[in-house]
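Undergrad: My questions will all concern the structure given below.
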Amino acid sequence: MTTFETSRTSVEIASQPESWRRAGESVASFAEVLPRRGERVAVVGCGTSWFMALAYAQLRESGGHGETDAYAASEFPAGRAYDRIIAITRSGTTTEVLDLLTQVKGTIATGAITADPETPVMTVADTVAVLDFADEQSVVQTRFATTVLALLRAHLEAEDALPVGVRLLAQAVQDAERAVTEPLDATICGADQFTFLGTGWTYGLALEAGLKMREAAGAWTEAYPAMEYRHGPISITGPGRVAWLFGPEPRGLAEDIARVGGTYTSASGDQADALDPLADLIRAQRLAVHLAEARGYDPDRPRNLTRSVILTTSDA
C-alpha cells in the first residue's frame, strides 16, 4: 500500500463538527439569502451540491415550509414558476449554475451559497451567503457540502419546523465529533462493492456517499431509495459486498441483506447509539479516503476531476 502524508481531504473531513457549529451560529446573518416560509423554492447545484439540494428540498417541504424542488442546474425546467431559486456552488464558477442564474435574473429572486467571495456568482445572484470558513483545498467536496446542509437545517430549526425525527443541529455536531474518530469496521473496509440506501432526505446523502467513493477511490458503488433496493438492485449484493443505510431501517431490510450474504451497516437508524445521518456520511467520507490510499490513489488528486467544471462554448 502506498503511504501518504495526512491528506488535505482527511483534515477537511475531520474539521466538519466545528464547521457545522459555525454554520449554525451564522444563520441570522444570512437571513436575506435563505427562503421564507411559504415560498415555492427550487434548489439547484451540480454533483455533490445537487445531492445536498435533494436532501434539503425534502427536509424543507416535509417540515411544512413550502413546496421545494431540487434540480441539477442543467436540468432546471425553464418557465416553471418559483418564488425563489437557491443555488449551491462551492467554487462560484460552475458554468451550469451561472448560466441558470443569468437566464432568470430579474424574473425570479435568486440566492447562492458559496465558499469563495471572489467569483462570478457574487454578481449573478441577487443575494449570496459566503461560507468561506468551510472552503476546501481538496478537489473532492466534503466539508463545504455538509456545512451548507447544516446551515439550511439550522435555518429550518430556527423557524421551529424540522420534520419529525430529525435531530437538532447541536446533536448532529456531537454525533459528527464521534464520527470523525470512531474506527472504521474492518469488514466494510475490505468489501469490494457498496450500495448506499436512504429514505426521504437521506436518499440525497446516499447518492453523495456513493459519489465520494467513486471520486476518491474509484470504488464500485450504487445508491437507491431504501424501499426500491429490493426491486432489483439487491441482486448485486452478496458476500464481500456492503449495503449501507442512512436513516431509519425499513422492515425486513436487514434480514433480506443477510439472506443474500451481504454485509449490512447503518449507524443512523433507530438504535440508541445511532448517529445523525449527516454525521454518518462522515464515516463514508473517511472510508473513501481509506480505500483510495489502500489502492495507491492520492485522495487529494482524484482522477479526471477538477475543483470546478467550467465549460467552453463548444462544450455546452
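In the C-alpha cells, chains take the letters A, B, ... in the order shown, each chain's residues start at 1, and ligands count up from 1 in the order shown.
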DSSP on the backbone, helix (DSSP H, G or I) only: what residues of range 32-195 of chain A does that give? Format it as a VMD selection string.
TA: chain A and resid 48 to 62 73 to 75 95 to 104 121 to 124 132 to 134 143 to 158 169 to 179 186 to 189
Undergrad: Would you please extract all strand (DSSP E) residues from range 130-249 of chain A, as assigned by DSSP on the backbone, and give them as a PDB file with N, CA and C atoms, in the first residue's frame?
TA:
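Wrote it out as out.pdb, contents follow:
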ATOM      1  N   VAL A 130     -21.761  33.596   1.914  1.00  0.00           N
ATOM      2  CA  VAL A 130     -20.383  33.133   1.719  1.00  0.00           C
ATOM      3  C   VAL A 130     -19.946  32.350   2.954  1.00  0.00           C
ATOM      4  N   GLN A 193     -17.650  -3.954  -3.034  1.00  0.00           N
ATOM      5  CA  GLN A 193     -18.755  -3.233  -3.660  1.00  0.00           C
ATOM      6  C   GLN A 193     -19.639  -2.670  -2.561  1.00  0.00           C
ATOM      7  N   PHE A 194     -20.227  -1.480  -2.837  1.00  0.00           N
ATOM      8  CA  PHE A 194     -21.000  -0.778  -1.821  1.00  0.00           C
ATOM      9  C   PHE A 194     -22.290  -0.244  -2.442  1.00  0.00           C
ATOM     10  N   THR A 195     -23.410  -0.527  -1.790  1.00  0.00           N
ATOM     11  CA  THR A 195     -24.695   0.036  -2.192  1.00  0.00           C
ATOM     12  C   THR A 195     -25.199   0.899  -1.046  1.00  0.00           C
ATOM     13  N   PHE A 196     -25.413   2.194  -1.320  1.00  0.00           N
ATOM     14  CA  PHE A 196     -25.867   3.136  -0.297  1.00  0.00           C
ATOM     15  C   PHE A 196     -27.365   3.373  -0.468  1.00  0.00           C
ATOM     16  N   LEU A 197     -28.069   3.387   0.667  1.00  0.00           N
ATOM     17  CA  LEU A 197     -29.525   3.478   0.662  1.00  0.00           C
ATOM     18  C   LEU A 197     -29.980   4.599   1.578  1.00  0.00           C
ATOM     19  N   GLY A 198     -31.106   5.229   1.234  1.00  0.00           N
ATOM     20  CA  GLY A 198     -31.658   6.266   2.084  1.00  0.00           C
ATOM     21  C   GLY A 198     -33.159   6.362   1.908  1.00  0.00           C
ATOM     22  N   THR A 221     -19.739   1.601  -6.611  1.00  0.00           N
ATOM     23  CA  THR A 221     -20.805   1.977  -5.698  1.00  0.00           C
ATOM     24  C   THR A 221     -22.092   2.259  -6.471  1.00  0.00           C
ATOM     25  N   GLU A 222     -23.203   2.066  -5.774  1.00  0.00           N
ATOM     26  CA  GLU A 222     -24.521   2.397  -6.294  1.00  0.00           C
ATOM     27  C   GLU A 222     -25.318   3.027  -5.171  1.00  0.00           C
ATOM     28  N   ALA A 223     -26.417   3.694  -5.493  1.00  0.00           N
ATOM     29  CA  ALA A 223     -27.255   4.321  -4.469  1.00  0.00           C
ATOM     30  C   ALA A 223     -28.709   4.276  -4.918  1.00  0.00           C
ATOM     31  N   TYR A 224     -29.607   3.994  -3.965  1.00  0.00           N
ATOM     32  CA  TYR A 224     -31.024   3.847  -4.263  1.00  0.00           C
ATOM     33  C   TYR A 224     -31.862   4.286  -3.068  1.00  0.00           C
ATOM     34  N   PRO A 225     -33.132   4.650  -3.301  1.00  0.00           N
ATOM     35  CA  PRO A 225     -34.064   4.742  -2.185  1.00  0.00           C
ATOM     36  C   PRO A 225     -34.167   3.366  -1.521  1.00  0.00           C
ATOM     37  N   ARG A 241     -19.792  -7.783  -0.143  1.00  0.00           N
ATOM     38  CA  ARG A 241     -20.427  -6.565  -0.632  1.00  0.00           C
ATOM     39  C   ARG A 241     -21.305  -5.963   0.464  1.00  0.00           C
ATOM     40  N   VAL A 242     -21.323  -4.642   0.514  1.00  0.00           N
ATOM     41  CA  VAL A 242     -21.947  -3.922   1.623  1.00  0.00           C
ATOM     42  C   VAL A 242     -23.198  -3.195   1.167  1.00  0.00           C
ATOM     43  N   ALA A 243     -24.238  -3.264   1.987  1.00  0.00           N
ATOM     44  CA  ALA A 243     -25.411  -2.396   1.843  1.00  0.00           C
ATOM     45  C   ALA A 243     -25.424  -1.470   3.058  1.00  0.00           C
ATOM     46  N   TRP A 244     -25.339  -0.177   2.819  1.00  0.00           N
ATOM     47  CA  TRP A 244     -25.162   0.833   3.873  1.00  0.00           C
ATOM     48  C   TRP A 244     -26.385   1.739   3.861  1.00  0.00           C
ATOM     49  N   LEU A 245     -27.097   1.772   4.976  1.00  0.00           N
ATOM     50  CA  LEU A 245     -28.329   2.532   5.074  1.00  0.00           C
ATOM     51  C   LEU A 245     -28.135   3.801   5.878  1.00  0.00           C
ATOM     52  N   PHE A 246     -28.631   4.916   5.344  1.00  0.00           N
ATOM     53  CA  PHE A 246     -28.719   6.173   6.084  1.00  0.00           C
ATOM     54  C   PHE A 246     -30.166   6.353   6.553  1.00  0.00           C
TER      55      PHE A 246
END
Undergrad: As an exercise, work out the distance from CA of Ala267 in chain A to CA of Ala150 in chain A in Å and give it to one decimal place.
TA: 18.7 Å
Undergrad: Rank nothing, just name the residue among A:Ala226, A:Val260, A:Arg90, A:Leu184 nearest to Glu136 in chain A, using only C-alpha atoms.
TA: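 Using only C-alpha atoms, the shortest distance to Glu136 in chain A belongs to A:Arg90.
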Undergrad: Kindly assemble as a Markdown table a list of the range 140-235 of chain A residues that lie within 10 Å of range 102-123 of chain A, each paired with its nearest atom pair and their distance in Å to one decimal, using only C-alpha atoms, sorted first by chain and then by ascending residue number.
TA:
| residue | atom | partner | partner_atom | distance |
| --- | --- | --- | --- | --- |
| A:Phe144 | CA | A:Ala115 | CA | 7.4 |
| A:Ala145 | CA | A:Thr114 | CA | 9.7 |
| A:Val148 | CA | A:Ile113 | CA | 7.4 |
| A:Leu151 | CA | A:Ile113 | CA | 9.9 |
Undergrad: Selection from above, N, CA and C atoms, as a PDB file, in the first residue's frame, can you write it?
TA:
ATOM      1  N   PHE A 144     -17.480  21.555   2.744  1.00  0.00           N
ATOM      2  CA  PHE A 144     -18.365  22.621   2.284  1.00  0.00           C
ATOM      3  C   PHE A 144     -19.784  22.113   2.111  1.00  0.00           C
ATOM      4  N   ALA A 145     -19.926  20.982   1.473  1.00  0.00           N
ATOM      5  CA  ALA A 145     -21.262  20.458   1.187  1.00  0.00           C
ATOM      6  C   ALA A 145     -22.049  20.195   2.461  1.00  0.00           C
ATOM      7  N   VAL A 148     -23.083  23.433   4.213  1.00  0.00           N
ATOM      8  CA  VAL A 148     -24.260  24.058   3.594  1.00  0.00           C
ATOM      9  C   VAL A 148     -25.530  23.409   4.134  1.00  0.00           C
ATOM     10  N   LEU A 151     -26.187  24.497   7.626  1.00  0.00           N
ATOM     11  CA  LEU A 151     -26.755  25.848   7.650  1.00  0.00           C
ATOM     12  C   LEU A 151     -28.245  25.811   7.340  1.00  0.00           C
TER      13      LEU A 151
END
Undergrad: What's the 6 Å shell around range 167-183 of chain A, counting only C-alpha atoms, without same-chain residues fewer than 5 positions away, as a PDB file with C-alpha atoms, in the first residue's frame?
TA:
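What landed in part-v5.pdb:
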ATOM      1  CA  ALA A  14     -12.111  15.970  10.493  1.00  0.00           C
ATOM      2  CA  PRO A  17     -18.013  19.362  13.518  1.00  0.00           C
ATOM      3  CA  LEU A 275     -25.563   8.818  14.571  1.00  0.00           C
ATOM      4  CA  ASP A 276     -27.364  11.643  12.825  1.00  0.00           C
ATOM      5  CA  ALA A 279     -22.721  12.545  10.724  1.00  0.00           C
ATOM      6  CA  ARG A 283     -17.946   7.698   8.016  1.00  0.00           C
TER       7      ARG A 283
END
Undergrad: Do a neighbour search on Gly190 in chain A at 12 Å with only C-alpha atoms, toss out local chain neighbours closer than 5 positions, and write the hits as a list in words.
TA: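 Counting only C-alpha atoms, the residues come to Leu184, Asp185, Ala219, Pro239, Gly240, Arg241, Val242, Thr263, Leu287, Ala288, His290, Leu291, Ala294 and Arg295 of chain A.
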Undergrad: Residues of range 201-308 of chain A that have any atom at most 8 Å from an atom of range 31-53 of chain A: could you tabulate them with the shortest-distance atom pair and the distance in Å to one decimal, using only C-alpha atoms, ordered by chain and increasing number, as CSV?
TA:
residue,atom,partner,partner_atom,distance
A:Gly204,CA,A:Phe51,CA,4.8
A:Leu205,CA,A:Phe51,CA,6.8
A:Leu207,CA,A:Phe51,CA,6.6
A:Glu208,CA,A:Phe51,CA,6.0
A:Leu211,CA,A:Thr48,CA,7.6
Undergrad: Please report the interatomic distance between CA of Glu228 in chain A and CA of Arg259 in chain A in Å with one decimal.
TA: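 About the pair CA of Glu228 in chain A and CA of Arg259 in chain A: they are 17.2 Å apart.
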Undergrad: Report, in Å with one decimal, the straight-line distance from CA of Gly252 in chain A to CA of Ala206 in chain A.
TA: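 Answer for the CA of Gly252 in chain A to CA of Ala206 in chain A separation: 19.3 Å.
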Undergrad: At a cut-off of 10 Å, using only C-alpha atoms, what residues contact Ala154 in chain A? Leave out same-chain residues fewer than 3 positions from it and give the result as a PyMOL selection string.
TA: chain A and resi 20-21+23-28+148-151+157-160+162+168-170
Undergrad: What would the file look like if the residues just selected were written as a PDB file, in the first residue's frame with N, CA, C and O atoms?
TA:
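This is the output file out.pdb:
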ATOM      1  N   TRP A  20     -19.776  22.897  11.099  1.00  0.00           N
ATOM      2  CA  TRP A  20     -21.235  22.867  11.260  1.00  0.00           C
ATOM      3  C   TRP A  20     -21.666  23.793  12.393  1.00  0.00           C
ATOM      4  O   TRP A  20     -22.683  24.464  12.299  1.00  0.00           O
ATOM      5  N   ARG A  21     -20.881  23.793  13.447  1.00  0.00           N
ATOM      6  CA  ARG A  21     -21.216  24.653  14.587  1.00  0.00           C
ATOM      7  C   ARG A  21     -21.216  26.125  14.156  1.00  0.00           C
ATOM      8  O   ARG A  21     -22.124  26.888  14.502  1.00  0.00           O
ATOM      9  N   ALA A  23     -21.700  27.235  11.164  1.00  0.00           N
ATOM     10  CA  ALA A  23     -22.841  27.451  10.267  1.00  0.00           C
ATOM     11  C   ALA A  23     -24.097  27.733  11.080  1.00  0.00           C
ATOM     12  O   ALA A  23     -24.881  28.643  10.755  1.00  0.00           O
ATOM     13  N   GLY A  24     -24.308  26.952  12.141  1.00  0.00           N
ATOM     14  CA  GLY A  24     -25.480  27.167  12.968  1.00  0.00           C
ATOM     15  C   GLY A  24     -25.499  28.531  13.616  1.00  0.00           C
ATOM     16  O   GLY A  24     -26.560  29.163  13.746  1.00  0.00           O
ATOM     17  N   GLU A  25     -24.330  29.018  13.986  1.00  0.00           N
ATOM     18  CA  GLU A  25     -24.230  30.326  14.629  1.00  0.00           C
ATOM     19  C   GLU A  25     -24.417  31.483  13.649  1.00  0.00           C
ATOM     20  O   GLU A  25     -24.664  32.617  14.073  1.00  0.00           O
ATOM     21  N   SER A  26     -24.298  31.203  12.343  1.00  0.00           N
ATOM     22  CA  SER A  26     -24.333  32.277  11.345  1.00  0.00           C
ATOM     23  C   SER A  26     -25.669  32.417  10.641  1.00  0.00           C
ATOM     24  O   SER A  26     -25.810  33.238   9.735  1.00  0.00           O
ATOM     25  N   VAL A  27     -26.662  31.634  11.039  1.00  0.00           N
ATOM     26  CA  VAL A  27     -27.942  31.624  10.323  1.00  0.00           C
ATOM     27  C   VAL A  27     -28.540  33.019  10.205  1.00  0.00           C
ATOM     28  O   VAL A  27     -28.979  33.440   9.125  1.00  0.00           O
ATOM     29  N   ALA A  28     -28.565  33.755  11.299  1.00  0.00           N
ATOM     30  CA  ALA A  28     -29.212  35.066  11.290  1.00  0.00           C
ATOM     31  C   ALA A  28     -28.568  36.015  10.287  1.00  0.00           C
ATOM     32  O   ALA A  28     -29.256  36.836   9.658  1.00  0.00           O
ATOM     33  N   VAL A 148     -23.083  23.433   4.213  1.00  0.00           N
ATOM     34  CA  VAL A 148     -24.260  24.058   3.594  1.00  0.00           C
ATOM     35  C   VAL A 148     -25.530  23.409   4.134  1.00  0.00           C
ATOM     36  O   VAL A 148     -26.486  24.093   4.527  1.00  0.00           O
ATOM     37  N   LEU A 149     -25.567  22.077   4.167  1.00  0.00           N
ATOM     38  CA  LEU A 149     -26.763  21.402   4.665  1.00  0.00           C
ATOM     39  C   LEU A 149     -26.968  21.681   6.153  1.00  0.00           C
ATOM     40  O   LEU A 149     -28.110  21.820   6.610  1.00  0.00           O
ATOM     41  N   ALA A 150     -25.885  21.805   6.900  1.00  0.00           N
ATOM     42  CA  ALA A 150     -26.008  22.173   8.317  1.00  0.00           C
ATOM     43  C   ALA A 150     -26.618  23.559   8.459  1.00  0.00           C
ATOM     44  O   ALA A 150     -27.492  23.791   9.309  1.00  0.00           O
ATOM     45  N   LEU A 151     -26.187  24.497   7.626  1.00  0.00           N
ATOM     46  CA  LEU A 151     -26.755  25.848   7.650  1.00  0.00           C
ATOM     47  C   LEU A 151     -28.245  25.811   7.340  1.00  0.00           C
ATOM     48  O   LEU A 151     -29.055  26.441   8.040  1.00  0.00           O
ATOM     49  N   GLU A 157     -34.617  24.806  11.658  1.00  0.00           N
ATOM     50  CA  GLU A 157     -34.740  24.672  13.115  1.00  0.00           C
ATOM     51  C   GLU A 157     -35.091  26.006  13.762  1.00  0.00           C
ATOM     52  O   GLU A 157     -35.920  26.067  14.685  1.00  0.00           O
ATOM     53  N   ALA A 158     -34.488  27.079  13.265  1.00  0.00           N
ATOM     54  CA  ALA A 158     -34.761  28.403  13.830  1.00  0.00           C
ATOM     55  C   ALA A 158     -36.217  28.798  13.634  1.00  0.00           C
ATOM     56  O   ALA A 158     -36.787  29.553  14.429  1.00  0.00           O
ATOM     57  N   GLU A 159     -36.823  28.282  12.554  1.00  0.00           N
ATOM     58  CA  GLU A 159     -38.229  28.557  12.298  1.00  0.00           C
ATOM     59  C   GLU A 159     -39.131  27.499  12.918  1.00  0.00           C
ATOM     60  O   GLU A 159     -40.333  27.473  12.664  1.00  0.00           O
ATOM     61  N   ASP A 160     -38.532  26.620  13.739  1.00  0.00           N
ATOM     62  CA  ASP A 160     -39.285  25.649  14.526  1.00  0.00           C
ATOM     63  C   ASP A 160     -40.114  24.731  13.654  1.00  0.00           C
ATOM     64  O   ASP A 160     -41.269  24.432  13.962  1.00  0.00           O
ATOM     65  N   LEU A 162     -38.577  21.629  11.929  1.00  0.00           N
ATOM     66  CA  LEU A 162     -37.868  20.459  11.458  1.00  0.00           C
ATOM     67  C   LEU A 162     -38.844  19.293  11.340  1.00  0.00           C
ATOM     68  O   LEU A 162     -39.764  19.164  12.156  1.00  0.00           O
ATOM     69  N   LEU A 168     -31.755  17.960  16.238  1.00  0.00           N
ATOM     70  CA  LEU A 168     -31.290  19.338  16.230  1.00  0.00           C
ATOM     71  C   LEU A 168     -29.837  19.370  15.775  1.00  0.00           C
ATOM     72  O   LEU A 168     -29.080  18.402  15.942  1.00  0.00           O
ATOM     73  N   LEU A 169     -29.421  20.510  15.208  1.00  0.00           N
ATOM     74  CA  LEU A 169     -28.067  20.609  14.688  1.00  0.00           C
ATOM     75  C   LEU A 169     -27.033  20.394  15.791  1.00  0.00           C
ATOM     76  O   LEU A 169     -25.995  19.763  15.557  1.00  0.00           O
ATOM     77  N   ALA A 170     -27.294  20.887  16.989  1.00  0.00           N
ATOM     78  CA  ALA A 170     -26.347  20.695  18.088  1.00  0.00           C
ATOM     79  C   ALA A 170     -26.100  19.213  18.349  1.00  0.00           C
ATOM     80  O   ALA A 170     -24.970  18.791  18.631  1.00  0.00           O
TER      81      ALA A 170
END
Undergrad: If you count only C-alpha atoms, which residues fall within 12 Å of Gln137 in chain A, apart from same-chain ones fewer than 3 positions away, as a list in words?
TA: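 These residues fall inside the cut-off: Ser7, Arg8, Thr9, Ser10, Val11, Glu12, Ile13, Arg90, Ser91, Ala115, Asp116, Asp132, Phe133, Ala134, Val140, Gln141, Thr142, Arg143, Phe144, Pro299, Asp300, Arg301, Thr306, Arg307 and Ser308 of chain A.
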Undergrad: Name the closest residue to Pro163 in chain A among the candidates A:Ile85, A:Val289, A:Leu59, A:Met213; distances are taken between atoms, counting only C-alpha atoms.
TA: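 That would be A:Leu59, the residue with the smallest distance to Pro163 in chain A.
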Undergrad: Tell me which of A:Val97, A:Thr6, A:Tyr56, A:Tyr82 sits closest to Leu278 in chain A, counting only C-alpha atoms.
TA: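 Checking each of A:Val97, A:Thr6, A:Tyr56, A:Tyr82 against Leu278 in chain A, counting only C-alpha atoms, the winner is A:Tyr56.
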